[in-house]
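S.K.: Below is the file work.tsv, which contains TSV, C-alpha atoms.
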```tsv
chain	number	residue	atom	x	y	z
A	1	MET	CA	84.49	96.96	131.24
A	2	GLU	CA	85.12	100.67	130.82
A	3	MET	CA	86.86	102.05	127.77
A	4	GLY	CA	88.58	105.39	127.39
A	5	VAL	CA	89.72	106.72	124.04
A	6	ARG	CA	91.91	109.80	123.80
A	7	THR	CA	93.70	111.31	120.84
A	8	GLU	CA	96.73	113.49	121.32
A	9	SER	CA	99.09	115.28	118.99
A	10	VAL	CA	102.78	114.50	119.14
A	11	ALA	CA	103.74	117.98	118.01
A	12	ALA	CA	101.04	119.95	119.82
A	13	ALA	CA	99.16	120.06	123.11
A	14	ASP	CA	95.98	118.12	123.89
A	15	GLU	CA	93.82	121.19	123.44
A	16	ASP	CA	95.01	121.60	119.87
A	17	PRO	CA	91.92	121.69	117.59
A	18	ALA	CA	93.87	119.74	114.97
A	19	ALA	CA	93.80	116.68	117.25
A	20	ASN	CA	90.03	116.18	117.06
A	21	LEU	CA	88.58	112.94	115.73
A	22	PHE	CA	86.44	114.72	113.14
A	23	PRO	CA	87.66	117.35	110.65
A	24	PRO	CA	86.25	120.84	111.09
A	25	PRO	CA	83.60	122.00	108.60
A	26	LEU	CA	84.85	123.95	105.63
A	27	PRO	CA	83.72	127.57	105.21
A	28	GLN	CA	81.18	128.62	102.63
A	29	PRO	CA	82.77	129.48	99.26
A	30	ARG	CA	82.75	133.22	98.59
A	31	ILE	CA	84.24	135.72	96.19
A	32	CYS	CA	87.88	136.17	97.18
A	33	MET	CA	89.19	138.86	94.83
A	34	TRP	CA	91.67	141.18	96.61
A	35	LYS	CA	91.35	138.98	99.70
A	36	TYR	CA	95.04	138.54	100.53
A	37	LEU	CA	96.77	140.66	97.89
A	38	ASP	CA	95.11	144.02	97.24
A	39	ILE	CA	95.60	146.17	94.14
A	40	HIS	CA	98.48	148.10	95.74
A	41	SER	CA	100.31	144.84	96.50
A	42	MET	CA	99.75	143.53	92.98
A	43	GLN	CA	101.12	146.74	91.49
A	44	GLN	CA	104.24	146.37	93.63
A	45	LEU	CA	104.69	142.79	92.43
A	46	GLU	CA	104.33	143.91	88.81
A	47	LYS	CA	107.24	146.34	89.24
A	48	THR	CA	109.71	143.70	90.48
A	49	ALA	CA	112.52	142.95	88.02
A	50	SER	CA	114.11	139.78	89.41
A	51	THR	CA	113.05	136.49	90.98
A	52	GLU	CA	114.76	137.23	94.29
A	53	GLU	CA	113.06	140.61	94.52
A	54	THR	CA	109.69	139.07	93.77
A	55	ARG	CA	110.10	136.38	96.42
A	56	GLN	CA	111.25	138.88	99.03
A	57	LEU	CA	108.32	141.21	98.37
A	58	LEU	CA	105.88	138.30	98.29
A	59	ALA	CA	107.11	137.10	101.69
A	60	GLU	CA	106.63	140.59	103.14
A	61	LEU	CA	103.11	140.92	101.73
A	62	LEU	CA	102.03	137.49	103.00
A	63	GLY	CA	103.72	137.86	106.40
A	64	LEU	CA	106.13	134.97	105.86
A	65	SER	CA	109.55	134.63	107.47
A	66	GLN	CA	112.78	133.90	105.66
A	67	PRO	CA	113.03	130.43	104.05
A	68	SER	CA	116.10	129.65	106.16
A	69	GLN	CA	114.16	130.28	109.38
A	70	SER	CA	110.97	128.31	108.66
A	71	LEU	CA	110.64	125.40	106.24
A	72	ARG	CA	106.86	125.69	106.22
A	73	ASP	CA	107.02	129.34	105.19
A	74	ALA	CA	109.49	128.37	102.49
A	75	ILE	CA	106.99	125.85	101.09
A	76	VAL	CA	104.19	128.43	101.11
A	77	LEU	CA	106.45	130.98	99.44
A	78	ASP	CA	107.31	128.52	96.66
A	79	LEU	CA	103.62	127.74	96.21
A	80	PHE	CA	102.64	131.39	95.69
A	81	HIS	CA	105.72	132.26	93.63
A	82	HIS	CA	105.03	129.51	91.12
A	83	ALA	CA	101.37	130.52	91.04
A	84	LEU	CA	102.44	134.07	90.23
A	85	ILE	CA	104.63	132.79	87.39
A	86	PHE	CA	101.71	130.75	86.05
A	87	CYS	CA	99.42	133.79	86.06
A	88	ARG	CA	101.98	135.85	84.16
A	89	GLN	CA	102.38	133.11	81.56
A	90	GLN	CA	98.61	132.98	81.09
A	91	GLY	CA	98.41	136.76	80.74
A	92	PHE	CA	96.03	137.21	83.69
A	93	SER	CA	95.07	140.66	84.91
A	94	LEU	CA	95.84	141.93	88.40
A	95	GLU	CA	92.35	140.98	89.59
A	96	GLN	CA	92.67	137.46	88.20
A	97	THR	CA	96.17	136.97	89.64
A	98	SER	CA	95.04	138.10	93.10
A	99	THR	CA	92.07	135.73	92.90
A	100	VAL	CA	94.24	132.73	91.93
A	101	CYS	CA	96.52	133.38	94.92
A	102	ALA	CA	93.48	133.67	97.19
A	103	LEU	CA	92.09	130.37	95.85
A	104	LEU	CA	95.36	128.63	96.68
A	105	GLN	CA	95.50	130.21	100.13
A	106	ASP	CA	91.96	129.12	101.03
A	107	LEU	CA	92.59	125.63	99.64
A	108	HIS	CA	95.80	125.35	101.67
A	109	LYS	CA	93.97	126.41	104.85
A	110	ALA	CA	91.28	123.78	104.22
A	111	CYS	CA	93.96	121.12	103.70
A	112	THR	CA	95.94	121.95	106.84
A	113	ALA	CA	92.90	122.48	109.09
A	114	THR	CA	92.99	118.80	110.12
A	115	PRO	CA	95.53	115.96	110.01
A	116	LEU	CA	92.79	113.60	108.81
A	117	GLY	CA	92.27	112.85	105.14
A	118	ASN	CA	89.88	115.29	103.46
A	119	VAL	CA	91.05	115.41	99.85
A	120	GLU	CA	87.57	114.92	98.40
A	121	GLU	CA	86.07	117.66	100.60
A	122	CYS	CA	88.91	120.02	99.65
A	123	TYR	CA	88.41	119.31	95.96
A	124	ARG	CA	84.69	120.06	96.18
A	125	TYR	CA	85.48	123.22	98.13
A	126	PHE	CA	88.01	124.33	95.51
A	127	SER	CA	85.55	123.65	92.67
A	128	SER	CA	82.91	125.76	94.42
A	129	LEU	CA	85.42	128.57	94.93
A	130	LEU	CA	86.40	128.41	91.27
A	131	PHE	CA	82.81	128.63	90.07
A	132	CYS	CA	82.26	131.67	92.28
A	133	HIS	CA	84.52	133.52	89.82
A	134	GLY	CA	83.22	132.09	86.54
A	135	ILE	CA	79.49	132.82	86.53
A	136	ARG	CA	77.87	136.23	86.74
A	137	ARG	CA	75.35	135.93	89.56
A	138	PRO	CA	75.98	138.78	92.02
A	139	PRO	CA	76.39	138.94	94.94
A	140	PHE	CA	77.25	135.22	95.04
A	141	SER	CA	79.55	134.95	92.01
A	142	ILE	CA	81.16	137.04	89.29
A	143	ASP	CA	82.38	136.30	85.77
A	144	LEU	CA	86.03	137.09	86.37
A	145	PHE	CA	87.43	134.14	84.37
A	146	LYS	CA	86.45	132.80	80.98
A	147	GLU	CA	85.81	129.11	80.43
A	148	GLU	CA	89.28	128.45	79.03
A	149	GLN	CA	90.88	130.30	81.95
A	150	LEU	CA	88.85	128.31	84.49
A	151	LEU	CA	90.05	125.07	82.91
A	152	ALA	CA	93.65	126.30	82.93
A	153	VAL	CA	93.48	127.24	86.63
A	154	ALA	CA	91.84	123.92	87.51
A	155	ASP	CA	94.51	121.93	85.64
A	156	TYR	CA	97.30	123.90	87.28
A	157	VAL	CA	95.96	123.40	90.83
A	158	VAL	CA	95.31	119.70	90.25
A	159	ASN	CA	98.80	119.09	88.86
A	160	THR	CA	100.63	121.17	91.47
A	161	TYR	CA	98.66	120.98	94.72
A	162	PHE	CA	96.41	117.93	94.62
A	163	ARG	CA	99.20	115.80	93.18
A	164	HIS	CA	101.18	116.54	96.36
A	165	PHE	CA	98.21	116.75	98.72
A	166	LYS	CA	99.59	114.18	101.17
A	167	LEU	CA	102.97	115.92	101.27
A	168	TYR	CA	101.33	119.23	102.22
A	169	LYS	CA	99.26	117.37	104.82
A	170	TYR	CA	102.38	115.72	106.26
A	171	ALA	CA	104.39	118.95	106.36
A	172	PHE	CA	101.74	121.27	107.86
A	173	THR	CA	99.68	119.08	110.21
A	174	PRO	CA	100.73	117.38	113.47
A	175	GLN	CA	100.95	113.63	113.84
A	176	VAL	CA	97.98	112.14	115.69
A	177	ARG	CA	98.31	109.21	118.08
A	178	LEU	CA	95.42	107.19	119.48
A	179	ASP	CA	95.71	106.05	123.12
A	180	LEU	CA	93.28	103.25	124.03
A	181	SER	CA	92.91	102.36	127.72
A	182	LEU	CA	90.78	99.48	129.08
A	183	THR	CA	89.68	99.13	132.72
A	184	TYR	CA	88.04	95.88	133.88
A	185	ILE	CA	85.68	96.06	136.85
A	186	GLY	CA	86.61	93.63	139.64
A	187	LEU	CA	90.31	93.36	138.77
A	188	GLN	CA	93.23	95.25	140.18
A	189	PRO	CA	94.54	98.11	138.00
A	190	PRO	CA	97.49	97.04	135.84
A	191	LYS	CA	100.98	98.07	136.81
A	192	LEU	CA	102.91	100.67	134.96
A	193	TRP	CA	104.99	99.45	132.05
A	194	ALA	CA	108.28	100.27	133.76
A	195	GLU	CA	107.34	98.57	137.01
A	196	GLN	CA	105.98	95.54	135.22
A	197	LYS	CA	109.13	95.22	133.15
A	198	GLU	CA	111.34	95.47	136.22
A	199	SER	CA	109.30	92.85	138.07
A	200	GLU	CA	109.49	90.46	135.08
A	201	GLU	CA	113.26	90.88	134.88
A	202	ALA	CA	113.63	90.24	138.62
A	203	GLU	CA	111.50	87.10	138.37
A	204	GLU	CA	113.57	85.82	135.44
A	205	GLN	CA	116.84	86.38	137.34
A	206	ALA	CA	115.45	84.67	140.42
A	207	ALA	CA	114.17	81.73	138.38
A	208	ILE	CA	117.58	80.96	136.82
A	209	PRO	CA	119.33	79.64	139.97
A	210	GLN	CA	116.21	77.76	141.02
A	211	GLU	CA	116.16	75.92	137.70
A	212	GLU	CA	119.82	74.95	138.09
A	213	GLU	CA	119.28	73.55	141.59
A	214	LEU	CA	116.09	71.69	140.77
A	215	GLU	CA	117.03	70.11	137.48
A	216	THR	CA	116.49	66.54	138.73
A	217	GLU	CA	113.37	67.25	140.73
A	218	ALA	CA	109.99	67.16	139.05
A	219	GLN	CA	108.13	70.42	139.33
A	220	PRO	CA	104.33	70.28	139.52
A	221	GLU	CA	102.62	72.30	136.80
A	222	GLN	CA	100.90	75.38	138.09
A	223	GLU	CA	97.48	76.18	136.84
A	224	PRO	CA	97.20	79.61	135.21
A	225	SER	CA	95.31	82.18	137.24
A	226	GLN	CA	92.09	83.76	136.09
A	227	ALA	CA	93.82	87.09	135.52
A	228	SER	CA	96.47	85.54	133.21
A	229	VAL	CA	93.82	83.64	131.25
A	230	LEU	CA	91.78	86.81	130.86
A	231	ARG	CA	94.89	88.77	129.87
A	232	THR	CA	95.80	86.21	127.20
A	233	TYR	CA	92.25	86.19	125.83
A	234	ILE	CA	92.14	89.98	125.69
A	235	LYS	CA	95.47	90.18	123.88
A	236	THR	CA	94.34	87.63	121.32
A	237	GLN	CA	91.02	89.33	120.65
A	238	LEU	CA	92.58	92.80	120.58
A	239	SER	CA	95.25	91.68	118.09
A	240	ARG	CA	92.57	90.18	115.88
A	241	GLU	CA	90.40	93.31	116.00
A	242	LEU	CA	93.36	95.59	115.34
A	243	GLY	CA	94.35	93.51	112.34
A	244	GLN	CA	90.83	93.72	110.90
A	245	LEU	CA	90.72	97.46	111.58
A	246	GLN	CA	94.07	98.01	109.87
A	247	GLN	CA	92.93	96.02	106.84
A	248	LEU	CA	89.69	98.05	106.66
A	249	VAL	CA	91.57	101.35	106.85
A	250	GLU	CA	93.99	100.27	104.12
A	251	GLU	CA	91.10	99.23	101.86
A	252	ARG	CA	89.36	102.57	102.36
A	253	LEU	CA	92.56	104.52	101.70
A	254	LYS	CA	93.16	102.55	98.52
A	255	ALA	CA	89.58	103.16	97.36
A	256	SER	CA	89.93	106.88	98.06
A	257	GLU	CA	93.22	107.04	96.11
A	258	ASP	CA	91.63	105.19	93.19
A	259	ARG	CA	88.73	107.66	93.09
A	260	LEU	CA	91.12	110.62	93.21
A	261	ASN	CA	93.32	109.16	90.45
A	262	SER	CA	90.28	108.60	88.25
A	263	LYS	CA	89.17	112.20	88.77
A	264	LEU	CA	92.67	113.49	88.02
A	265	THR	CA	92.77	111.38	84.84
A	266	MET	CA	89.46	112.83	83.69
A	267	LEU	CA	90.69	116.37	84.37
A	268	GLU	CA	93.91	115.80	82.44
A	269	ARG	CA	92.04	114.96	79.25
A	270	PRO	CA	92.11	117.82	76.73
A	271	PHE	CA	88.95	119.87	76.52
A	272	GLN	CA	86.98	119.18	73.31
A	273	PRO	CA	84.36	121.79	72.45
A	274	PRO	CA	81.00	120.46	71.23
A	275	PRO	CA	80.54	120.40	67.43
A	276	GLY	CA	78.80	123.41	65.92
A	277	LYS	CA	75.17	123.09	65.03
A	278	GLY	CA	74.99	125.63	62.18
A	279	LYS	CA	77.68	124.38	59.81
A	280	ASN	CA	77.02	124.68	56.09
A	281	LYS	CA	76.57	121.37	54.35
A	282	THR	CA	78.64	120.76	51.23
A	283	LYS	CA	76.64	120.10	48.10
```
Just dump the structure as structure tokens.
M.R.:
Amino acid sequence: MEMGVRTESVAAADEDPAANLFPPPLPQPRICMWKYLDIHSMQQLEKTASTEETRQLLAELLGLSQPSQSLRDAIVLDLFHHALIFCRQQGFSLEQTSTVCALLQDLHKACTATPLGNVEECYRYFSSLLFCHGIRRPPFSIDLFKEEQLLAVADYVVNTYFRHFKLYKYAFTPQVRLDLSLTYIGLQPPKLWAEQKESEEAEEQAAIPQEEELETEAQPEQEPSQASVLRTYIKTQLSRELGQLQQLVEERLKASEDRLNSKLTMLERPFQPPPGKGKNKTK
């Protein structure tokens, strides 16, 4: 028996890299200050006076089309616009605001690089990117954010992006379909689905008048051929294996969601600083 497995994307061609069975490796985390929005762009954004002006300028700087022309660009524009509002509410500097936007952009690229589930890998990648801007260890990391600011950025990204991780994955990645073909040595190749369906319909129509004419006559039972027995056995085994595979995938998805929910619950807890060691004792 020979087996051929091929994955193809419904929305893209077969050579699309997003249709691979394994997700691509994530890049190494690096300092991303002024990566997508330089200081001149940030100064232009600071001078905007209205929400519509800010969104229009942000779309031009990021190379996005109008929201009415592309729904994906509209989602990305909303993502960065709300991130910009968050940075202004936190009182971040231009360098910090540019870095937060770059963190979201790199995280979004890692999420949409594959249609397969990689939420845990993306979370580890985001944490590494965040720590590259919280510890002074040049040239690998800088102390751009304080501890409280790092926690605020982490909470914001978890509550806005990772809470809707599957929605971003659904909107920005193609649907993947698995085609499984089996070829048995020594048997004739199976007919095409259309031809087989037409032949079955013709046989059923031809069998109806024969049954009406031979109602009183006893028909000898025909023994099933080897090909039909083999076909029935294969269908039974394949249905059983597919059911077990589906159950295994559902169990793994549920376990992954439980781990992510537990991590999100831990991150949502308020930060409690450790008690001071040098407090004066009351006499």
S.K.: Using all atoms listed in the file, which residues sit within 12 Å of A:Ala152 once same-chain residues fewer than 3 positions away are excluded, as a list in words?
M.R.: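 The residues satisfying every condition are Ala83, Phe86, Cys87, Gln89, Gln90, Gly91, Phe92, Val100, Leu130, Phe145, Lys146, Glu147, Glu148, Gln149, Asp155, Tyr156, Val157, Val158, Asn159, Leu267, Glu268, Pro270 and Phe271 of chain A.
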S.K.: Using C-alpha atoms, can you export the residues from the last selection as a PDB file, keeping the file's coordinate frame?
M.R.:
```pdb
ATOM      1  CA  ALA A  83     101.370 130.520  91.040  1.00  0.00           C
ATOM      2  CA  PHE A  86     101.710 130.750  86.050  1.00  0.00           C
ATOM      3  CA  CYS A  87      99.420 133.790  86.060  1.00  0.00           C
ATOM      4  CA  GLN A  89     102.380 133.110  81.560  1.00  0.00           C
ATOM      5  CA  GLN A  90      98.610 132.980  81.090  1.00  0.00           C
ATOM      6  CA  GLY A  91      98.410 136.760  80.740  1.00  0.00           C
ATOM      7  CA  PHE A  92      96.030 137.210  83.690  1.00  0.00           C
ATOM      8  CA  VAL A 100      94.240 132.730  91.930  1.00  0.00           C
ATOM      9  CA  LEU A 130      86.400 128.410  91.270  1.00  0.00           C
ATOM     10  CA  PHE A 145      87.430 134.140  84.370  1.00  0.00           C
ATOM     11  CA  LYS A 146      86.450 132.800  80.980  1.00  0.00           C
ATOM     12  CA  GLU A 147      85.810 129.110  80.430  1.00  0.00           C
ATOM     13  CA  GLU A 148      89.280 128.450  79.030  1.00  0.00           C
ATOM     14  CA  GLN A 149      90.880 130.300  81.950  1.00  0.00           C
ATOM     15  CA  ASP A 155      94.510 121.930  85.640  1.00  0.00           C
ATOM     16  CA  TYR A 156      97.300 123.900  87.280  1.00  0.00           C
ATOM     17  CA  VAL A 157      95.960 123.400  90.830  1.00  0.00           C
ATOM     18  CA  VAL A 158      95.310 119.700  90.250  1.00  0.00           C
ATOM     19  CA  ASN A 159      98.800 119.090  88.860  1.00  0.00           C
ATOM     20  CA  LEU A 267      90.690 116.370  84.370  1.00  0.00           C
ATOM     21  CA  GLU A 268      93.910 115.800  82.440  1.00  0.00           C
ATOM     22  CA  PRO A 270      92.110 117.820  76.730  1.00  0.00           C
ATOM     23  CA  PHE A 271      88.950 119.870  76.520  1.00  0.00           C
TER      24      PHE A 271
END
```
S.K.: Identify which of the residues A:Leu84, A:Cys132, A:Ile75, A:Leu94 lies closest to A:Leu167, counting all atoms listed in the file when measuring atom-to-atom distances.
M.R.: A:Ile75
S.K.: Just want the 12 Å neighbourhood of stretch 49-51 of chain A, counted on only C-alpha atoms, with same-chain residues fewer than 4 positions away dropped. Output as a PyMOL selection string.
M.R.: chain A and resi 44-45+55-58+78+81-82+84-85
S.K.: What is the atom CA of A:Ala202 to atom CA of A:Thr232 distance in Å?
M.R.: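 That distance, rounded to one decimal, is 21.6 Å.
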S.K.: So which one's closest to A:Ser93, A:Glu203, A:Asp258, A:Glu46, A:Glu250? Using only C-alpha atoms, please.
M.R.: A:Glu46
S.K.: Within 6 Å of stretch 28-39 of chain A, counting only C-alpha atoms, which residues show up once you throw out same-chain ones fewer than 3 positions away? Write them as a ChimeraX atom specification, please.
M.R.: /A:42,98-99,129,132
S.K.: Just the number, please: distance in Å from atom CA of A:Thr173 to atom CA of A:Pro115, one decimal.
M.R.: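 Between atom CA of A:Thr173 and atom CA of A:Pro115 the gap works out to 5.2 Å.
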S.K.: What is the atom CA of A:Leu77-atom CA of A:Leu62 distance in Å, reported with one decimal?
M.R.: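 Atom CA of A:Leu62 lies at a distance of 8.6 Å from atom CA of A:Leu77.
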S.K.: Using only C-alpha atoms and a cutoff of 10 Å, can you tell me which residues are near (88.9, 121.5, 104.9) in the file's coordinates, and write them out as a list in words?
M.R.: Pro23, Pro24, Pro25, Leu26, Pro27, Asp106, Leu107, His108, Lys109, Ala110, Cys111, Thr112, Ala113, Thr114, Leu116, Gly117, Asn118, Val119, Glu120, Glu121, Cys122, Tyr123, Arg124, Tyr125 and Phe126 of chain A
S.K.: Between A:Glu95, A:Phe131, A:Arg163, A:Arg137, which residue has the minimum interatomic distance to A:Lys263, considering only C-alpha atoms?
M.R.: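 Among the listed residues, A:Arg163 lies closest to A:Lys263.
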